[in-house]
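This report concerns only the one structure given below.
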Amino acid sequence: MPHALILLRRLALIALLLGLGTRLARAEMILVSNEKDNTITVLDAASLKVIKTVPVGARPRGIVLSNDGKKLYICTSDADHIEVLDLKTLTVTQTLPSNPDPELFALSPDGKTLYISNENDSMVSVLDIPASHIETEIPTGVEPEGMAVSPDGKTIVNTSETTSMAHFIDAATHKMVASVLVGSRPRFAAFNKDGSLVWVSSEVGGSVAVIDVASHKVLHTITFAIPGVPKEAIQAVGIALSADGRYAFIALGPANRVAVVDAKTYAVEKYLLVGQRVWHMAFSPDQKTLYTVNGISNDMSVIDVPDLKVTKSVPVGQLPWGVVVAP
């Protein structure tokens, strides 16, 4: 084979590999819901540059990825439905029913069901995704918000803000089996990896309850104190539990801090200064980075998890509320 042809083929292969590497680096996306803009901000995770700003229905809040990572489900609260964003084309391709005022939701492990908190109607709607049909409605306490599903798919937890309770619901029967009193205005719930515990944040209470799933008993209540920050400004909202079971990261709202909690001892190890009114958070797939959305400063903070340091602030839309990372 002529030397020139061999050289050309090698150059073509190098170009192909470089192009593949670029595409792989760009594949990971960060998606942020902006409730005032009625948009989803899409960022490239490698460069932290905005790829696209996607218009969606009124007041997008809760967002969750489909199990295959190809779609984003969006609670458009004031539009009273769920929108489906195709992540290949970055366009809304479908609308699903939700009942009035969907705020947060959780996806079943099999990816076929969304459990939706309807804040104004004091109920949880069970959405059959393939059928695009509300299967049933489960009465809850007043102003339901937080939603979580256990890793085995058998237990649903909903938090009701005004009732100050975490409600445990049997996923098979859709019946409430227990209600656990927690701190004032619970906003979020998250199961640990093996499903034995559920963590529930309380905004006004400024605390997090760790509940044993088997006994429905509060095992520990975590409180926070930040020098120079008024107690009433410390409002626990979003929770992110590391997959290795080492840390729990707690977003503290207008305290503008993320608390780093030892998930075994429940001791607060550190407070990380982020943007204003930090709300929800999401890990990168490798768990080395944690992204927070900050509603008042309209930005996203980037946390280096191994070093427990905030490394960057990135502008997004107005009143960012939810964040997920698509691999």
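Here, A, B, ... name the chains of the structure tokens in the order displayed, residue numbers run from 1 inside each chain, and ligands are numbered from 1 in the same displayed order.
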> Hey, what's within 7 Å of A:Val293 if we count only C-alpha atoms and toss same-chain stuff fewer than 2 positions away? As a PyMOL selection string, please?
Replying inline: chain A and resi 278-281+291+295+299-301+320-323
> Got a sec to tell me which of stretch 140-306 of chain A DSSP assigns to strand (DSSP E or B), as a PyMOL selection string?
Replying inline: chain A and resi 144-149+155-160+165-170+175-181+186-191+197-202+207-212+217-223+239-241+247-251+253+257-262+268-273+278-283+289-294+299-304
>> Need the shell around A:Val126: protein/DNA/RNA residues with any atom at most 9 Å away, counting only C-alpha atoms. Skip same-chain ones fewer than 3 positions apart. Format as number ranges by chain?
In response: A: 98, 113-116, 133-138, 174
> Any idea what's packed within 7 Å of A:Ser77, counting only C-alpha atoms, ignoring anything in its chain fewer than 2 positions away? Could you give it as number ranges by chain?
Replying inline: A: 58-61, 75, 79-81, 101-103
Would you mind exporting all heavy atoms of the selected residues as an mmCIF file, in the first residue's frame?
data_model
loop_
_atom_site.group_PDB
_atom_site.id
_atom_site.type_symbol
_atom_site.label_atom_id
_atom_site.label_comp_id
_atom_site.auth_asym_id
_atom_site.auth_seq_id
_atom_site.Cartn_x
_atom_site.Cartn_y
_atom_site.Cartn_z
ATOM 1 N N ALA A 58 -45.991 26.219 31.852
ATOM 2 C CA ALA A 58 -45.894 27.207 32.927
ATOM 3 C C ALA A 58 -45.395 26.596 34.237
ATOM 4 O O ALA A 58 -45.877 25.569 34.687
ATOM 5 C CB ALA A 58 -47.262 27.853 33.149
ATOM 6 N N ARG A 59 -44.425 27.233 34.818
ATOM 7 C CA ARG A 59 -43.842 26.942 36.125
ATOM 8 C C ARG A 59 -43.300 25.517 36.246
ATOM 9 O O ARG A 59 -43.787 24.717 37.033
ATOM 10 C CB ARG A 59 -44.843 27.222 37.249
ATOM 11 C CG ARG A 59 -44.161 27.467 38.581
ATOM 12 C CD ARG A 59 -45.141 27.720 39.696
ATOM 13 N NE ARG A 59 -44.428 27.977 40.935
ATOM 14 C CZ ARG A 59 -44.989 27.972 42.139
ATOM 15 N NH1 ARG A 59 -46.291 27.734 42.264
ATOM 16 N NH2 ARG A 59 -44.284 28.203 43.221
ATOM 17 N N PRO A 60 -42.264 25.195 35.495
ATOM 18 C CA PRO A 60 -41.646 23.880 35.638
ATOM 19 C C PRO A 60 -40.900 23.774 36.966
ATOM 20 O O PRO A 60 -40.136 24.666 37.329
ATOM 21 C CB PRO A 60 -40.687 23.818 34.451
ATOM 22 C CG PRO A 60 -40.331 25.244 34.189
ATOM 23 C CD PRO A 60 -41.574 26.039 34.500
ATOM 24 N N ARG A 61 -41.148 22.683 37.671
ATOM 25 C CA ARG A 61 -40.461 22.469 38.955
ATOM 26 C C ARG A 61 -39.788 21.093 38.974
ATOM 27 O O ARG A 61 -38.678 20.940 38.517
ATOM 28 C CB ARG A 61 -41.434 22.696 40.120
ATOM 29 C CG ARG A 61 -41.792 24.170 40.275
ATOM 30 C CD ARG A 61 -42.557 24.460 41.552
ATOM 31 N NE ARG A 61 -43.973 24.105 41.438
ATOM 32 C CZ ARG A 61 -44.865 24.274 42.420
ATOM 33 N NH1 ARG A 61 -44.476 24.766 43.580
ATOM 34 N NH2 ARG A 61 -46.134 23.952 42.249
ATOM 35 N N CYS A 75 -42.558 18.377 35.628
ATOM 36 C CA CYS A 75 -43.789 18.864 36.270
ATOM 37 C C CYS A 75 -43.983 20.326 35.883
ATOM 38 O O CYS A 75 -43.274 21.206 36.379
ATOM 39 C CB CYS A 75 -43.675 18.772 37.792
ATOM 40 S SG CYS A 75 -44.007 17.175 38.503
ATOM 41 N N ALA A 79 -49.343 24.604 34.393
ATOM 42 C CA ALA A 79 -49.991 24.083 33.186
ATOM 43 C C ALA A 79 -50.788 22.815 33.484
ATOM 44 O O ALA A 79 -51.520 22.316 32.624
ATOM 45 C CB ALA A 79 -48.944 23.786 32.109
ATOM 46 N N ASP A 80 -50.611 22.292 34.713
ATOM 47 C CA ASP A 80 -51.378 21.125 35.183
ATOM 48 C C ASP A 80 -51.170 19.875 34.332
ATOM 49 O O ASP A 80 -52.111 19.123 34.063
ATOM 50 C CB ASP A 80 -52.877 21.461 35.260
ATOM 51 C CG ASP A 80 -53.185 22.528 36.298
ATOM 52 O OD1 ASP A 80 -52.413 22.657 37.257
ATOM 53 O OD2 ASP A 80 -54.193 23.230 36.134
ATOM 54 N N HIS A 81 -49.924 19.660 33.914
ATOM 55 C CA HIS A 81 -49.621 18.405 33.230
ATOM 56 C C HIS A 81 -48.120 18.117 33.309
ATOM 57 O O HIS A 81 -47.337 18.927 33.812
ATOM 58 C CB HIS A 81 -50.102 18.420 31.771
ATOM 59 C CG HIS A 81 -49.509 19.486 30.908
ATOM 60 N ND1 HIS A 81 -50.277 20.312 30.109
ATOM 61 C CD2 HIS A 81 -48.224 19.888 30.696
ATOM 62 C CE1 HIS A 81 -49.494 21.152 29.449
ATOM 63 N NE2 HIS A 81 -48.249 20.918 29.793
ATOM 64 N N ASP A 101 -51.819 20.979 39.564
ATOM 65 C CA ASP A 101 -50.655 21.467 40.305
ATOM 66 C C ASP A 101 -49.659 20.386 40.678
ATOM 67 O O ASP A 101 -49.365 20.165 41.849
ATOM 68 C CB ASP A 101 -51.112 22.211 41.567
ATOM 69 C CG ASP A 101 -49.980 23.017 42.194
ATOM 70 O OD1 ASP A 101 -49.066 23.437 41.463
ATOM 71 O OD2 ASP A 101 -49.999 23.207 43.425
ATOM 72 N N PRO A 102 -49.083 19.697 39.684
ATOM 73 C CA PRO A 102 -48.016 18.758 39.998
ATOM 74 C C PRO A 102 -46.752 19.513 40.416
ATOM 75 O O PRO A 102 -46.375 20.484 39.776
ATOM 76 C CB PRO A 102 -47.806 18.021 38.676
ATOM 77 C CG PRO A 102 -48.167 19.042 37.631
ATOM 78 C CD PRO A 102 -49.300 19.838 38.228
ATOM 79 N N GLU A 103 -46.141 19.087 41.514
ATOM 80 C CA GLU A 103 -44.951 19.798 41.981
ATOM 81 C C GLU A 103 -43.703 18.921 41.946
ATOM 82 O O GLU A 103 -42.694 19.285 41.354
ATOM 83 C CB GLU A 103 -45.162 20.341 43.394
ATOM 84 C CG GLU A 103 -43.982 21.152 43.882
ATOM 85 C CD GLU A 103 -44.304 22.016 45.085
ATOM 86 O OE1 GLU A 103 -45.469 22.053 45.521
ATOM 87 O OE2 GLU A 103 -43.388 22.671 45.595
#
>> Can you pull out the residues contacting A:Ile63? Cut-off 10 Å, using only C-alpha atoms, and skip same-chain residues under 2 positions away; I want them as a PyMOL selection string.
In response: chain A and resi 31-33+40+60-61+65-66+72-76+82-84+103-106+321-324
>> From a backbone DSSP assignment, name each residue in stretch 65-232 of chain A labelled helix (DSSP H, G or I), as a list in words.
In response: Ser77, Asp78, Ala79, Glu119, Asn120, Asp121, Lys231 and Glu232 of chain A
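With only C-alpha atoms as the basis for measurement, A:Leu43 is the residue among A:Ile250, A:Leu43, A:Ala243, A:Val177 that approaches A:Val316 most closely.
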>> Considering only C-alpha atoms, can you say which of A:Ser164, A:Thr289, A:Asn298, A:Asn256 comes closest to A:Ala209?
In response: A:Ser164
> Can you tell me, as a list in words, what residues are no more than 9 Å from A:Gly245 when counting only C-alpha atoms, ignoring any on the same chain fewer than 2 positions away?
Replying inline: Asn192, Lys193, Leu241, Ser242, Ala243, Tyr247, Ala248, Asp262, Ala263 and Lys264 of chain A
Could you save those same residues with all heavy atoms as a short mmCIF file (atom, residue, chain, number, x, y, z; two decimals), in the first residue's frame?
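Output saved as result06.cif:
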data_model
loop_
_atom_site.label_atom_id
_atom_site.label_comp_id
_atom_site.auth_asym_id
_atom_site.auth_seq_id
_atom_site.Cartn_x
_atom_site.Cartn_y
_atom_site.Cartn_z
N ASN A 192 -32.22 5.70 51.21
CA ASN A 192 -30.84 5.29 51.05
C ASN A 192 -30.76 4.13 50.06
O ASN A 192 -31.78 3.63 49.58
CB ASN A 192 -30.20 4.94 52.40
CG ASN A 192 -30.81 3.71 53.06
OD1 ASN A 192 -31.89 3.24 52.68
ND2 ASN A 192 -30.14 3.18 54.06
N LYS A 193 -29.54 3.68 49.75
CA LYS A 193 -29.34 2.75 48.64
C LYS A 193 -30.05 1.41 48.86
O LYS A 193 -30.60 0.83 47.91
CB LYS A 193 -27.85 2.53 48.42
CG LYS A 193 -27.52 1.78 47.14
CD LYS A 193 -26.03 1.71 46.90
CE LYS A 193 -25.71 1.01 45.59
NZ LYS A 193 -24.23 0.97 45.34
N LEU A 241 -28.02 11.84 48.61
CA LEU A 241 -27.28 10.82 49.33
C LEU A 241 -26.27 10.17 48.40
O LEU A 241 -26.63 9.70 47.31
CB LEU A 241 -28.24 9.75 49.87
CG LEU A 241 -29.37 10.25 50.78
CD1 LEU A 241 -30.28 9.09 51.17
CD2 LEU A 241 -28.81 10.92 52.04
N SER A 242 -25.01 10.13 48.81
CA SER A 242 -23.99 9.53 47.95
C SER A 242 -24.21 8.02 47.88
O SER A 242 -24.64 7.38 48.83
CB SER A 242 -22.59 9.85 48.46
OG SER A 242 -22.36 9.29 49.74
N ALA A 243 -23.89 7.45 46.73
CA ALA A 243 -24.14 6.02 46.48
C ALA A 243 -23.31 5.12 47.38
O ALA A 243 -23.71 3.99 47.68
CB ALA A 243 -23.88 5.70 45.02
N TYR A 247 -21.85 10.11 52.54
CA TYR A 247 -22.32 11.47 52.80
C TYR A 247 -23.80 11.65 52.48
O TYR A 247 -24.35 10.99 51.60
CB TYR A 247 -21.56 12.47 51.93
CG TYR A 247 -20.10 12.66 52.27
CD1 TYR A 247 -19.12 12.45 51.30
CD2 TYR A 247 -19.70 13.07 53.53
CE1 TYR A 247 -17.77 12.63 51.58
CE2 TYR A 247 -18.35 13.25 53.82
CZ TYR A 247 -17.39 13.04 52.85
OH TYR A 247 -16.06 13.22 53.14
N ALA A 248 -24.39 12.58 53.22
CA ALA A 248 -25.67 13.17 52.84
C ALA A 248 -25.44 14.66 52.67
O ALA A 248 -24.87 15.31 53.57
CB ALA A 248 -26.73 12.91 53.91
N ASP A 262 -22.20 13.29 57.73
CA ASP A 262 -21.75 11.91 57.75
C ASP A 262 -22.99 11.02 57.82
O ASP A 262 -23.74 11.07 58.80
CB ASP A 262 -20.86 11.67 58.97
CG ASP A 262 -20.25 10.28 59.00
OD1 ASP A 262 -21.00 9.29 58.85
OD2 ASP A 262 -19.03 10.16 59.21
N ALA A 263 -23.22 10.22 56.80
CA ALA A 263 -24.45 9.44 56.70
C ALA A 263 -24.51 8.28 57.68
O ALA A 263 -25.57 7.66 57.84
CB ALA A 263 -24.66 8.94 55.28
N LYS A 264 -23.40 7.98 58.34
CA LYS A 264 -23.38 6.91 59.34
C LYS A 264 -23.60 7.45 60.75
O LYS A 264 -24.37 6.90 61.54
CB LYS A 264 -22.05 6.15 59.28
CG LYS A 264 -21.73 5.52 57.93
CD LYS A 264 -22.71 4.42 57.56
CE LYS A 264 -22.28 3.74 56.27
NZ LYS A 264 -23.26 2.72 55.83
#
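Residue neighbourhood of A:Ala189, excluding near-sequence residues (fewer than 3 positions): A:Gly146, A:Ala148, A:Trp199, A:Val200, at 6 Å, using only C-alpha atoms.
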Export of prior selection with N, CA and C atoms as an mmCIF file, in the first residue's frame:
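Okay, result_7.cif is ready:
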data_model
loop_
_atom_site.group_PDB
_atom_site.id
_atom_site.type_symbol
_atom_site.label_atom_id
_atom_site.label_comp_id
_atom_site.auth_asym_id
_atom_site.auth_seq_id
_atom_site.Cartn_x
_atom_site.Cartn_y
_atom_site.Cartn_z
ATOM 1 N N GLY A 146 -42.953 16.334 48.749
ATOM 2 C CA GLY A 146 -41.886 15.373 48.521
ATOM 3 C C GLY A 146 -42.409 14.013 48.094
ATOM 4 N N ALA A 148 -40.916 9.954 47.000
ATOM 5 C CA ALA A 148 -39.800 9.022 46.847
ATOM 6 C C ALA A 148 -40.343 7.607 46.737
ATOM 7 N N TRP A 199 -34.800 9.595 54.304
ATOM 8 C CA TRP A 199 -34.438 10.892 54.866
ATOM 9 C C TRP A 199 -35.486 11.907 54.427
ATOM 10 N N VAL A 200 -35.993 12.707 55.374
ATOM 11 C CA VAL A 200 -37.038 13.695 55.082
ATOM 12 C C VAL A 200 -36.598 15.057 55.613
#
>> Using only C-alpha atoms, can you tell me which of A:Val314, A:Val42, A:Val157, A:Met123 comes closest to A:Asp86?
In response: A:Val42
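Distances from A:Gly253, A:Gly317, A:Gly153, A:Pro227 to A:Phe191 were compared using only C-alpha atoms, and the smallest one belongs to A:Gly153.
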> Which is closer to A:Asp128 than all the others in A:Lys154, A:His167, A:Lys112, A:Arg185, using only C-alpha atoms?
Replying inline: A:Lys112
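Proximity ranking of A:Asn34, A:Ser150, A:Thr159, A:Ser47 relative to A:Ala171 places A:Ser150 first, based on only C-alpha atoms.
As for atom CA of A:Ala45 and atom CA of A:Ala326, they are spaced 9.2 Å apart.
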